[in-house]
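One file, run-v8.txt, is given below (compact mmCIF, C-alpha atoms).
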# COMPACT_ATOMS: atom_id res chain seq x y z
CA MET A 898 -34.82 -57.19 -11.21
CA ALA A 899 -36.21 -54.69 -8.68
CA ALA A 900 -33.76 -52.11 -10.02
CA ILE A 901 -35.03 -52.72 -13.55
CA PHE A 902 -38.61 -52.12 -12.53
CA GLN A 903 -37.71 -49.08 -10.45
CA GLY A 904 -36.05 -47.61 -13.50
CA VAL A 905 -39.02 -48.38 -15.72
CA GLY A 906 -41.38 -46.99 -13.10
CA ALA A 907 -39.42 -43.78 -12.90
CA ALA A 908 -39.56 -43.38 -16.67
CA ALA A 909 -43.31 -44.00 -16.65
CA ALA A 910 -43.78 -41.50 -13.86
CA LEU A 911 -41.82 -38.89 -15.73
CA SER A 912 -43.98 -39.44 -18.79
CA SER A 913 -46.99 -37.96 -16.99
CA SER A 914 -45.21 -34.65 -16.52
CA PRO A 915 -45.44 -32.05 -19.33
CA SER A 916 -41.80 -31.15 -18.93
CA ASN A 917 -40.50 -34.67 -19.48
CA SER A 918 -40.74 -37.10 -22.35
CA PHE A 919 -41.12 -40.83 -22.28
CA ASP A 920 -38.61 -42.83 -24.30
CA SER A 921 -40.75 -45.44 -25.98
CA LYS A 922 -37.72 -47.04 -27.60
CA LYS A 923 -36.97 -48.76 -24.34
CA PHE A 924 -40.14 -50.79 -24.82
CA VAL A 925 -41.35 -53.09 -27.55
CA PHE A 926 -44.99 -52.27 -28.18
CA SER A 927 -47.20 -51.41 -31.09
CA PRO A 928 -48.42 -47.86 -31.65
CA CYS A 929 -51.46 -46.97 -29.62
CA ARG A 930 -54.80 -47.47 -31.31
CA SER A 931 -57.23 -44.62 -31.72
CA PHE A 932 -59.73 -45.04 -28.89
CA SER A 933 -62.94 -43.10 -28.57
CA VAL A 934 -64.09 -44.53 -25.26
CA ARG A 935 -63.52 -41.33 -23.33
CA LYS A 936 -65.16 -38.14 -24.42
CA GLY A 937 -64.83 -35.24 -22.01
CA ALA A 938 -66.10 -36.53 -18.68
CA SER A 939 -68.16 -39.33 -20.18
CA PHE A 940 -67.61 -42.97 -21.03
CA ALA A 941 -69.17 -44.74 -23.96
CA VAL A 942 -70.63 -48.07 -22.93
CA VAL A 943 -71.15 -50.41 -25.87
CA ARG A 944 -73.89 -52.93 -25.30
CA SER A 945 -73.79 -56.49 -26.55
CA ASP A 946 -76.28 -55.54 -29.25
CA GLY A 947 -73.90 -52.93 -30.63
CA ARG A 948 -75.68 -49.81 -29.31
CA VAL A 949 -73.64 -47.11 -27.64
CA ASN A 950 -74.66 -45.22 -24.52
CA LEU A 951 -72.81 -42.19 -23.19
CA ASN A 952 -72.77 -42.28 -19.41
CA PRO A 953 -71.75 -39.02 -17.73
CA LYS A 954 -69.19 -39.36 -15.01
CA GLY A 955 -70.79 -39.92 -11.65
CA ARG A 956 -73.99 -41.46 -13.01
CA ARG A 957 -74.70 -45.16 -12.77
CA ALA A 958 -73.99 -47.14 -15.92
CA GLN A 959 -77.01 -48.77 -17.47
CA GLN A 960 -77.61 -52.49 -17.87
CA LEU A 961 -74.95 -53.93 -20.11
CA ILE A 962 -76.23 -57.34 -21.05
CA SER A 963 -79.89 -58.25 -21.21
CA ASN A 964 -79.55 -62.01 -21.68
CA ALA A 965 -76.91 -64.19 -20.04
CA VAL A 966 -77.25 -67.48 -21.81
CA ALA A 967 -78.98 -67.87 -25.14
CA THR A 968 -80.23 -71.26 -26.22
CA LYS A 969 -78.21 -73.08 -28.83
CA SER A 970 -81.10 -73.12 -31.25
CA ASP A 971 -81.80 -69.41 -31.50
CA SER A 972 -78.61 -67.54 -30.79
CA ALA A 973 -75.81 -69.08 -32.80
CA ALA A 974 -77.19 -68.29 -36.23
CA ALA A 975 -78.93 -65.06 -35.26
CA SER A 976 -75.95 -63.50 -33.51
CA SER A 977 -73.52 -64.23 -36.33
CA SER A 978 -75.79 -62.78 -38.99
CA SER A 979 -77.36 -59.75 -37.30
CA LYS A 980 -75.02 -58.53 -34.58
CA PRO A 981 -71.89 -56.51 -35.24
CA GLY A 982 -68.62 -57.44 -33.62
CA HIS A 983 -66.55 -60.58 -33.47
CA GLU A 984 -66.75 -63.88 -31.64
CA LEU A 985 -64.21 -64.73 -28.97
CA LEU A 986 -63.71 -67.37 -26.35
CA LEU A 987 -63.51 -66.01 -22.81
CA PHE A 988 -59.76 -66.49 -22.52
CA GLU A 989 -59.34 -64.73 -25.88
CA ALA A 990 -61.48 -61.83 -24.63
CA LEU A 991 -59.22 -61.49 -21.60
CA GLN A 992 -56.18 -61.58 -23.87
CA GLU A 993 -57.66 -58.96 -26.20
CA GLY A 994 -58.51 -56.64 -23.32
CA LEU A 995 -55.03 -57.00 -21.87
CA GLU A 996 -53.39 -56.44 -25.25
CA GLU A 997 -55.44 -53.31 -25.94
CA GLU A 998 -54.52 -51.84 -22.57
CA MET A 999 -50.83 -52.60 -23.14
CA GLU A 1000 -51.04 -50.78 -26.47
CA ARG A 1001 -52.91 -47.87 -24.91
CA ASP A 1002 -50.67 -47.40 -21.88
CA PRO A 1003 -46.92 -48.25 -21.90
CA ARG A 1004 -47.00 -48.51 -18.10
CA VAL A 1005 -49.03 -51.74 -18.24
CA CYS A 1006 -46.88 -54.84 -17.79
CA VAL A 1007 -47.49 -58.52 -17.04
CA MET A 1008 -45.62 -60.87 -14.75
CA GLY A 1009 -46.07 -64.41 -13.56
CA GLU A 1010 -45.09 -68.01 -14.15
CA ASP A 1011 -45.03 -69.01 -17.85
CA VAL A 1012 -46.81 -65.82 -18.95
CA GLY A 1013 -44.14 -65.06 -21.56
CA HIS A 1014 -43.45 -67.12 -24.65
CA TYR A 1015 -45.50 -70.05 -23.35
CA GLY A 1016 -48.53 -67.75 -23.21
CA GLY A 1017 -49.78 -68.61 -19.73
CA SER A 1018 -51.25 -71.85 -18.41
CA TYR A 1019 -54.63 -70.99 -20.01
CA LYS A 1020 -53.18 -68.91 -22.91
CA VAL A 1021 -54.50 -65.58 -21.63
CA THR A 1022 -51.12 -63.96 -22.38
CA LYS A 1023 -50.50 -65.80 -25.66
CA GLY A 1024 -48.52 -63.69 -28.14
CA LEU A 1025 -47.92 -60.77 -25.78
CA ALA A 1026 -44.23 -61.49 -25.16
CA LYS A 1027 -43.51 -61.54 -28.90
CA LYS A 1028 -45.38 -58.28 -29.40
CA PHE A 1029 -44.29 -56.28 -26.36
CA GLY A 1030 -40.98 -57.84 -25.38
CA ASP A 1031 -39.64 -59.71 -22.38
CA LEU A 1032 -39.43 -56.63 -20.18
CA ARG A 1033 -43.15 -55.93 -20.27
CA VAL A 1034 -44.18 -59.61 -20.24
CA LEU A 1035 -41.94 -61.04 -17.58
CA ASP A 1036 -41.58 -64.74 -16.87
CA THR A 1037 -40.91 -65.25 -13.17
CA PRO A 1038 -39.60 -68.12 -11.04
CA ILE A 1039 -42.07 -70.26 -9.10
CA ALA A 1040 -42.11 -67.80 -6.22
CA GLU A 1041 -45.56 -66.25 -5.77
CA ASN A 1042 -44.68 -64.25 -2.68
CA SER A 1043 -41.69 -62.70 -4.44
CA PHE A 1044 -43.19 -61.74 -7.81
CA THR A 1045 -46.42 -60.48 -6.21
CA GLY A 1046 -44.33 -58.25 -3.98
CA MET A 1047 -42.34 -57.13 -7.02
CA GLY A 1048 -45.60 -56.25 -8.77
CA ILE A 1049 -46.78 -54.20 -5.80
CA GLY A 1050 -43.46 -52.36 -5.75
CA ALA A 1051 -43.72 -51.73 -9.49
CA ALA A 1052 -47.19 -50.25 -8.96
CA MET A 1053 -45.80 -47.94 -6.28
CA THR A 1054 -43.24 -46.55 -8.75
CA GLY A 1055 -45.85 -45.73 -11.41
CA LEU A 1056 -46.37 -48.91 -13.44
CA ARG A 1057 -49.66 -50.78 -13.85
CA PRO A 1058 -48.69 -54.44 -13.41
CA VAL A 1059 -50.98 -57.39 -14.07
CA VAL A 1060 -49.84 -60.30 -11.92
CA GLU A 1061 -50.98 -63.77 -12.92
CA GLY A 1062 -51.28 -66.57 -10.44
CA MET A 1063 -51.06 -69.80 -12.43
CA ASN A 1064 -53.78 -71.04 -10.10
CA MET A 1065 -55.64 -69.00 -7.51
CA GLY A 1066 -54.67 -71.53 -4.86
CA PHE A 1067 -51.02 -70.64 -5.35
CA LEU A 1068 -51.72 -67.04 -4.36
CA LEU A 1069 -52.10 -68.18 -0.77
CA LEU A 1070 -48.30 -68.11 -0.79
CA ALA A 1071 -48.54 -64.38 -1.50
CA PHE A 1072 -51.26 -63.64 1.06
CA ASN A 1073 -48.96 -61.51 3.18
CA GLN A 1074 -48.04 -59.30 0.21
CA ILE A 1075 -51.69 -58.94 -0.84
CA SER A 1076 -52.96 -58.22 2.66
CA ASN A 1077 -50.27 -56.17 4.39
CA ASN A 1078 -48.90 -54.37 1.34
CA CYS A 1079 -51.30 -54.39 -1.60
CA GLY A 1080 -54.39 -53.51 0.40
CA MET A 1081 -52.92 -51.21 3.03
CA LEU A 1082 -50.03 -49.23 1.55
CA HIS A 1083 -52.23 -46.42 0.23
CA TYR A 1084 -53.50 -45.85 3.77
CA THR A 1085 -50.31 -46.54 5.71
CA SER A 1086 -48.33 -44.20 3.43
CA GLY A 1087 -50.76 -41.38 4.13
CA GLY A 1088 -51.92 -41.42 0.53
CA GLN A 1089 -48.40 -41.00 -0.89
CA PHE A 1090 -48.71 -44.21 -2.92
CA THR A 1091 -51.44 -45.70 -5.03
CA ILE A 1092 -51.30 -49.39 -5.91
CA PRO A 1093 -52.86 -49.78 -9.39
CA ILE A 1094 -52.28 -53.51 -9.68
CA VAL A 1095 -54.43 -56.34 -11.05
CA ILE A 1096 -53.93 -59.79 -9.53
CA ARG A 1097 -55.69 -62.37 -11.67
CA GLY A 1098 -55.85 -66.08 -12.23
CA PRO A 1099 -57.99 -69.19 -12.64
CA GLY A 1100 -59.85 -70.78 -9.77
CA GLY A 1101 -62.97 -72.71 -8.91
CA VAL A 1102 -63.91 -76.36 -9.13
CA GLY A 1103 -62.78 -77.69 -12.49
CA ARG A 1104 -62.98 -81.25 -13.70
CA GLN A 1105 -61.13 -83.47 -11.26
CA LEU A 1106 -58.31 -81.06 -10.50
CA GLY A 1107 -58.10 -82.17 -6.88
CA ALA A 1108 -58.54 -80.23 -3.66
CA GLU A 1109 -55.50 -77.95 -3.90
CA HIS A 1110 -56.28 -76.86 -7.47
CA SER A 1111 -60.00 -76.31 -6.85
CA GLN A 1112 -59.72 -73.42 -4.43
CA ARG A 1113 -62.24 -70.58 -4.26
CA LEU A 1114 -60.40 -67.79 -2.52
CA GLU A 1115 -63.06 -65.08 -2.65
CA SER A 1116 -63.81 -65.59 1.03
CA TYR A 1117 -60.11 -65.40 1.92
CA PHE A 1118 -59.56 -62.00 0.32
CA GLN A 1119 -62.87 -60.25 0.98
CA SER A 1120 -61.92 -59.15 4.49
CA ILE A 1121 -58.75 -57.34 3.35
CA PRO A 1122 -59.32 -53.58 3.51
CA GLY A 1123 -58.31 -51.51 0.49
CA ILE A 1124 -58.82 -54.02 -2.34
CA GLN A 1125 -61.60 -54.59 -4.88
CA MET A 1126 -62.70 -58.00 -6.13
CA VAL A 1127 -64.50 -58.83 -9.37
CA ALA A 1128 -65.47 -62.12 -11.02
CA CYS A 1129 -66.03 -62.40 -14.78
CA SER A 1130 -68.58 -64.78 -16.26
CA THR A 1131 -68.88 -64.01 -20.01
CA PRO A 1132 -66.42 -63.01 -22.73
CA TYR A 1133 -68.12 -59.59 -22.88
CA ASN A 1134 -67.72 -58.74 -19.20
CA ALA A 1135 -64.35 -60.50 -18.99
CA LYS A 1136 -62.86 -58.02 -21.46
CA GLY A 1137 -64.72 -55.01 -20.08
CA LEU A 1138 -63.84 -55.76 -16.46
CA MET A 1139 -60.21 -56.51 -17.33
CA LYS A 1140 -59.79 -53.13 -19.03
CA ALA A 1141 -61.53 -51.33 -16.17
CA ALA A 1142 -59.42 -53.13 -13.56
CA ILE A 1143 -56.19 -52.13 -15.30
CA ARG A 1144 -57.29 -48.49 -15.46
CA SER A 1145 -58.39 -48.44 -11.81
CA GLU A 1146 -56.22 -46.71 -9.22
CA ASN A 1147 -57.15 -49.40 -6.71
CA PRO A 1148 -55.70 -52.90 -6.36
CA VAL A 1149 -58.11 -55.35 -7.98
CA ILE A 1150 -58.26 -59.12 -7.54
CA PHE A 1151 -59.72 -60.57 -10.73
CA PHE A 1152 -61.32 -64.01 -10.43
CA GLU A 1153 -61.61 -66.27 -13.47
CA HIS A 1154 -63.18 -69.73 -13.51
CA VAL A 1155 -61.34 -72.61 -15.13
CA LEU A 1156 -64.51 -74.02 -16.70
CA LEU A 1157 -65.53 -70.75 -18.37
CA TYR A 1158 -62.42 -70.10 -20.47
CA ASN A 1159 -63.92 -71.77 -23.56
CA LEU A 1160 -67.25 -69.94 -23.50
CA LYS A 1161 -67.86 -68.16 -26.79
CA GLU A 1162 -69.73 -64.88 -27.29
CA ARG A 1163 -69.93 -62.10 -29.86
CA ILE A 1164 -68.48 -58.89 -28.45
CA PRO A 1165 -68.33 -55.38 -29.99
CA ASP A 1166 -65.47 -54.26 -32.20
CA GLU A 1167 -65.53 -50.87 -30.48
CA ASP A 1168 -63.67 -50.12 -27.28
CA TYR A 1169 -65.74 -50.52 -24.11
CA ILE A 1170 -65.33 -50.99 -20.39
CA CYS A 1171 -67.58 -52.40 -17.67
CA ASN A 1172 -68.24 -50.78 -14.31
CA LEU A 1173 -66.15 -52.51 -11.65
CA GLU A 1174 -68.75 -51.83 -8.95
CA GLU A 1175 -71.95 -52.69 -10.80
CA ALA A 1176 -73.94 -55.90 -10.87
CA GLU A 1177 -75.50 -57.18 -14.08
CA MET A 1178 -79.20 -57.80 -14.48
CA VAL A 1179 -79.17 -61.12 -16.31
CA ARG A 1180 -82.88 -61.90 -16.29
CA PRO A 1181 -85.63 -59.57 -15.00
CA GLY A 1182 -88.35 -61.27 -12.94
CA GLU A 1183 -91.00 -60.76 -10.29
CA HIS A 1184 -91.13 -63.71 -7.89
CA VAL A 1185 -87.66 -64.16 -6.40
CA THR A 1186 -84.22 -62.54 -6.62
CA ILE A 1187 -81.39 -64.99 -7.35
CA LEU A 1188 -77.93 -63.54 -6.70
CA THR A 1189 -74.98 -65.40 -8.18
CA TYR A 1190 -71.64 -64.97 -9.94
CA SER A 1191 -69.04 -66.72 -12.08
CA ARG A 1192 -69.79 -70.32 -13.08
CA MET A 1193 -72.95 -70.53 -10.96
CA ARG A 1194 -74.56 -67.99 -13.29
CA TYR A 1195 -75.00 -70.81 -15.79
CA HIS A 1196 -76.35 -73.28 -13.25
CA VAL A 1197 -78.88 -70.63 -12.24
CA MET A 1198 -79.92 -69.93 -15.83
CA GLN A 1199 -80.32 -73.65 -16.46
CA ALA A 1200 -82.57 -73.85 -13.39
CA ALA A 1201 -84.44 -70.73 -14.53
CA LYS A 1202 -85.69 -72.53 -17.64
CA THR A 1203 -87.24 -75.22 -15.46
CA LEU A 1204 -88.68 -72.65 -13.07
CA VAL A 1205 -90.33 -70.71 -15.91
CA ASN A 1206 -91.94 -73.92 -17.14
CA LYS A 1207 -93.32 -74.42 -13.63
CA GLY A 1208 -94.82 -70.92 -13.55
CA TYR A 1209 -92.15 -69.05 -11.59
CA ASP A 1210 -90.57 -65.79 -12.71
CA PRO A 1211 -87.08 -65.53 -11.17
CA GLU A 1212 -84.96 -62.40 -11.39
CA VAL A 1213 -81.30 -63.34 -11.90
CA ILE A 1214 -78.47 -60.95 -11.00
CA ASP A 1215 -74.79 -61.62 -11.62
CA ILE A 1216 -73.26 -59.56 -8.82
CA ARG A 1217 -69.83 -59.47 -10.59
CA SER A 1218 -68.43 -57.05 -8.00
CA LEU A 1219 -67.61 -59.21 -4.99
CA LYS A 1220 -66.25 -56.25 -3.08
CA PRO A 1221 -67.95 -53.83 -2.78
CA PHE A 1222 -71.45 -55.18 -3.43
CA ASP A 1223 -73.75 -53.23 -5.74
CA LEU A 1224 -76.44 -52.68 -3.11
CA TYR A 1225 -78.30 -50.31 -5.41
CA THR A 1226 -79.13 -53.03 -7.95
CA ILE A 1227 -79.56 -55.70 -5.29
CA GLY A 1228 -81.77 -53.48 -3.15
CA ASN A 1229 -84.08 -52.51 -5.99
CA SER A 1230 -84.55 -56.18 -6.82
CA VAL A 1231 -85.27 -57.14 -3.22
CA LYS A 1232 -87.87 -54.36 -2.97
CA LYS A 1233 -89.59 -55.81 -6.03
CA THR A 1234 -89.50 -59.56 -5.36
CA HIS A 1235 -89.30 -59.66 -1.51
CA ARG A 1236 -87.47 -63.00 -1.65
CA VAL A 1237 -83.76 -63.75 -2.05
CA LEU A 1238 -81.82 -66.86 -3.01
CA ILE A 1239 -78.01 -66.72 -3.14
CA VAL A 1240 -76.17 -69.31 -5.25
CA GLU A 1241 -72.38 -69.50 -5.02
CA GLU A 1242 -69.53 -71.92 -5.55
CA CYS A 1243 -67.69 -70.48 -2.56
CA MET A 1244 -67.65 -72.36 0.73
CA ARG A 1245 -70.65 -71.82 2.97
CA THR A 1246 -68.74 -70.83 6.09
CA GLY A 1247 -67.56 -67.23 5.79
CA GLY A 1248 -68.25 -67.10 2.05
CA ILE A 1249 -69.51 -64.36 -0.24
CA GLY A 1250 -73.05 -65.59 0.43
CA ALA A 1251 -72.67 -65.01 4.16
CA SER A 1252 -71.54 -61.43 3.51
CA LEU A 1253 -74.47 -60.89 1.12
CA ILE A 1254 -76.93 -62.16 3.72
CA ALA A 1255 -75.51 -59.73 6.28
CA ALA A 1256 -75.65 -56.77 3.86
CA ILE A 1257 -79.21 -57.50 2.71
CA THR A 1258 -80.48 -58.12 6.24
CA GLU A 1259 -78.92 -54.91 7.47
CA ASN A 1260 -80.20 -52.73 4.63
CA PHE A 1261 -83.38 -54.32 3.27
CA ASN A 1262 -84.78 -56.55 6.02
CA ASP A 1263 -88.15 -54.75 6.07
CA TYR A 1264 -88.73 -55.66 2.42
CA LEU A 1265 -88.27 -59.42 2.90
CA ASP A 1266 -91.30 -61.73 3.04
CA ALA A 1267 -89.18 -64.83 3.67
CA SER A 1268 -85.83 -65.71 5.14
CA ILE A 1269 -82.86 -65.46 2.77
CA MET A 1270 -81.70 -68.82 1.45
CA CYS A 1271 -78.10 -69.53 0.44
CA LEU A 1272 -76.83 -72.47 -1.58
CA SER A 1273 -73.06 -72.91 -1.31
CA SER A 1274 -70.40 -75.55 -1.78
CA GLN A 1275 -69.95 -77.98 1.04
CA ASP A 1276 -67.27 -77.24 3.62
CA VAL A 1277 -65.06 -80.14 2.53
CA PRO A 1278 -61.89 -80.43 0.46
CA THR A 1279 -62.94 -80.91 -3.16
CA PRO A 1280 -62.73 -84.65 -3.95
CA TYR A 1281 -60.82 -85.88 -6.98
CA ALA A 1282 -63.48 -88.43 -7.94
CA GLY A 1283 -65.81 -86.81 -10.47
CA THR A 1284 -69.07 -88.04 -8.94
CA LEU A 1285 -68.07 -86.87 -5.47
CA GLU A 1286 -66.77 -83.56 -6.82
CA GLU A 1287 -70.19 -82.88 -8.40
CA VAL A 1288 -71.97 -83.53 -5.12
CA THR A 1289 -69.96 -80.85 -3.30
CA VAL A 1290 -71.07 -78.09 -5.73
CA VAL A 1291 -74.58 -76.62 -6.12
CA GLN A 1292 -76.53 -78.19 -8.98
CA PRO A 1293 -79.51 -76.77 -10.94
CA ALA A 1294 -81.99 -79.18 -9.34
CA GLN A 1295 -81.14 -77.80 -5.90
CA ILE A 1296 -81.80 -74.26 -7.16
CA VAL A 1297 -85.24 -75.26 -8.45
CA THR A 1298 -86.13 -76.86 -5.12
CA ALA A 1299 -84.93 -73.82 -3.16
CA VAL A 1300 -87.03 -71.41 -5.25
CA GLU A 1301 -90.11 -73.60 -4.82
CA GLN A 1302 -89.61 -73.53 -1.05
CA LEU A 1303 -89.09 -69.76 -0.99
CA CYS A 1304 -92.21 -69.05 -3.05
CA GLN A 1305 -94.60 -71.26 -1.06

For the file at hand, write its structure as structure tokens.
Amino acid sequence: MAAIFQGVGAAAALSSSPSNSFDSKKFVFSPCRSFSVRKGASFAVVRSDGRVNLNPKGRRAQQLISNAVATKSDSAAASSSSKPGHELLLFEALQEGLEEEMERDPRVCVMGEDVGHYGGSYKVTKGLAKKFGDLRVLDTPIAENSFTGMGIGAAMTGLRPVVEGMNMGFLLLAFNQISNNCGMLHYTSGGQFTIPIVIRGPGGVGRQLGAEHSQRLESYFQSIPGIQMVACSTPYNAKGLMKAAIRSENPVIFFEHVLLYNLKERIPDEDYICNLEEAEMVRPGEHVTILTYSRMRYHVMQAAKTLVNKGYDPEVIDIRSLKPFDLYTIGNSVKKTHRVLIVEECMRTGGIGASLIAAITENFNDYLDASIMCLSSQDVPTPYAGTLEEVTVVQPAQIVTAVEQLCQ
């Protein structure tokens, strides 16, 4: 199998040279669509309202989504009648982004358990094996350490593999490959190799999945040098971040939450990407900055409705980029509100929240009028019992109470 991927990698590498041609007959993929996302040194960022902004290379992308969660009463009818685009569930948005990148670039391939004709455990790769063939959508044995290492080796030879962990908890079996190889090979090879790999999969506390299938591994991977980490939270940013991660020259760990796969949103028909290193301003406000990501974005927005009714004006930021942090967006918010609440589903000890507290204290301490508060999951194995499981995770009522304490 390694020999197969070395051969494919060599062919892909040769394709980038003007003097060599790439034999597309060895692959089963549809002709590449006509994309207009790149124009000279600029990228076109398509907003959720259908408007297009050209962002010159090197400049910060503008805010992509103005509202995170619309109420059921006002958005469903309005979005379908007035907004261009098409509606997709989050897992379908991931699938569409992956499919478009496989059409655009023959070096993109997928590997993992049941990703082929079964379509993946959450159907993110549904239909890809039939369209692109078994070589580019490779079903693997139940051997995370082995197929993650194979993906890293494929990336070294010129491919752009997307490795799926059926569950993020299973990727602990591949921790050595991710840490010692994926994150460090660019440095330890003296820059001779780049590792353009995406490692993705579902995680987070689901509905009674038990302790081993409710892992949040952000805190495990954040200390590994050389990797980026992003967490999607809407169909729009799921697709945009997926496409950006595949195009990145850096190894990217892509976190998906099991309870967000069935979220529906209208996304543009046009090609777009999201900035891998940029947070998203979900709700502008004046009184307190609430930093969150993934599923907790929705708990925060639920709490925000209560807070507004009580006279508070919270600013909500979905940090999205878990490594590195977007300190530009975060810092500007801290300078405006002077108070910070962090809401995460990660464990409290050594979690993303702890790293955020350190970064904010180090860079923006003089702008704070109150100590930073952090709401995290309890440091316990996630119980199977539904009522106990709910207690271990931050709930909207706790967010409301925390904001009231901060703003006293």

Of the candidates A:Glu1115, A:Asp1011, A:Glu1287, A:Glu993, which one gets nearest to A:Gly1250 if we count all atoms listed in the file?
A:Glu1115

Just give me the gap between atom CA of A:Glu1000 and atom CA of A:Ile1092 in Å, one decimal is fine.
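According to the coordinates, atom CA of A:Glu1000 and atom CA of A:Ile1092 are separated by 20.6 Å.
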
Extract, using only C-alpha atoms, all DNA, RNA and protein residues at most 7 Å from A:Pro1280, discarding same-chain residues fewer than 2 positions from it, and format them as number ranges by chain.
A: 1107-1108, 1278, 1282, 1285-1286

Polymer residues at most 9 Å from A:Ala1052, only C-alpha atoms, same-chain spacing of 2 or more positions, as a PyMOL selection string
chain A and resi 906+1047-1050+1054-1058+1090-1094

State, in Å with one decimal place, the distance from atom CA of A:Leu1173 to atom CA of A:Thr1226.
13.5 Å

Neighbour list for A:Asn1077 as an mmCIF file with C-alpha atoms, keeping the file's coordinate frame, cut-off 12 Å, only C-alpha atoms, skip fewer than 6 positions in-chain:
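The resulting file, part_7.cif, is shown below:
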data_model
loop_
_atom_site.group_PDB
_atom_site.id
_atom_site.type_symbol
_atom_site.label_atom_id
_atom_site.label_comp_id
_atom_site.auth_asym_id
_atom_site.auth_seq_id
_atom_site.Cartn_x
_atom_site.Cartn_y
_atom_site.Cartn_z
ATOM 1 C CA GLY A 1046 -44.330 -58.250 -3.980
ATOM 2 C CA ILE A 1049 -46.780 -54.200 -5.800
ATOM 3 C CA ALA A 1071 -48.540 -64.380 -1.500
ATOM 4 C CA HIS A 1083 -52.230 -46.420 0.230
ATOM 5 C CA TYR A 1084 -53.500 -45.850 3.770
ATOM 6 C CA THR A 1085 -50.310 -46.540 5.710
ATOM 7 C CA PHE A 1118 -59.560 -62.000 0.320
ATOM 8 C CA ILE A 1121 -58.750 -57.340 3.350
ATOM 9 C CA PRO A 1122 -59.320 -53.580 3.510
ATOM 10 C CA GLY A 1123 -58.310 -51.510 0.490
ATOM 11 C CA ILE A 1124 -58.820 -54.020 -2.340
#

Using only C-alpha atoms, the shortest atom-to-atom distance to A:Ala1256 among A:His1110, A:His1014, A:His1184, A:Lys1220 belongs to A:Lys1220

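Each of A:Thr1284, A:Asn1147, A:Thr1298, A:Asn1159 was compared to A:Glu984 using only C-alpha atoms, and A:Asn1159 turns out to be the nearest.
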
Between A:Arg1192, A:Gly1137, A:Val1185, A:Gly1283, single out the one closest to A:Leu1265, counting all atoms listed in the file.
A:Val1185

Residue nearest A:Gly982 among A:Gly1208, A:Gly1247, A:Pro1165, A:Gly1013 (counting only C-alpha atoms)
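Closest to A:Gly982 of all the choices is A:Pro1165.
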
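Here atom CA of A:Gly1100 stands at a distance of 19.7 Å from atom CA of A:Leu1188.
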
From the list A:Cys1304, A:Leu1253, A:Leu1025, A:Ala1040, which residue is nearest A:Gln1119 when using only C-alpha atoms?
A:Leu1253

Tell me, as number ranges by chain, which residues lie within 6 Å of A:Val1149, counting only C-alpha atoms; anything in the same chain fewer than 5 positions away does not count.
A: 1095, 1124-1126

Could you turn the residues from that selection into a file that holds C-alpha atoms, as a compact mmCIF listing (two decimals), in the coordinates of the input?
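The resulting file, result-v1.txt, is shown below:
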# COMPACT_ATOMS: atom_id res chain seq x y z
CA VAL A 1095 -54.43 -56.34 -11.05
CA ILE A 1124 -58.82 -54.02 -2.34
CA GLN A 1125 -61.60 -54.59 -4.88
CA MET A 1126 -62.70 -58.00 -6.13
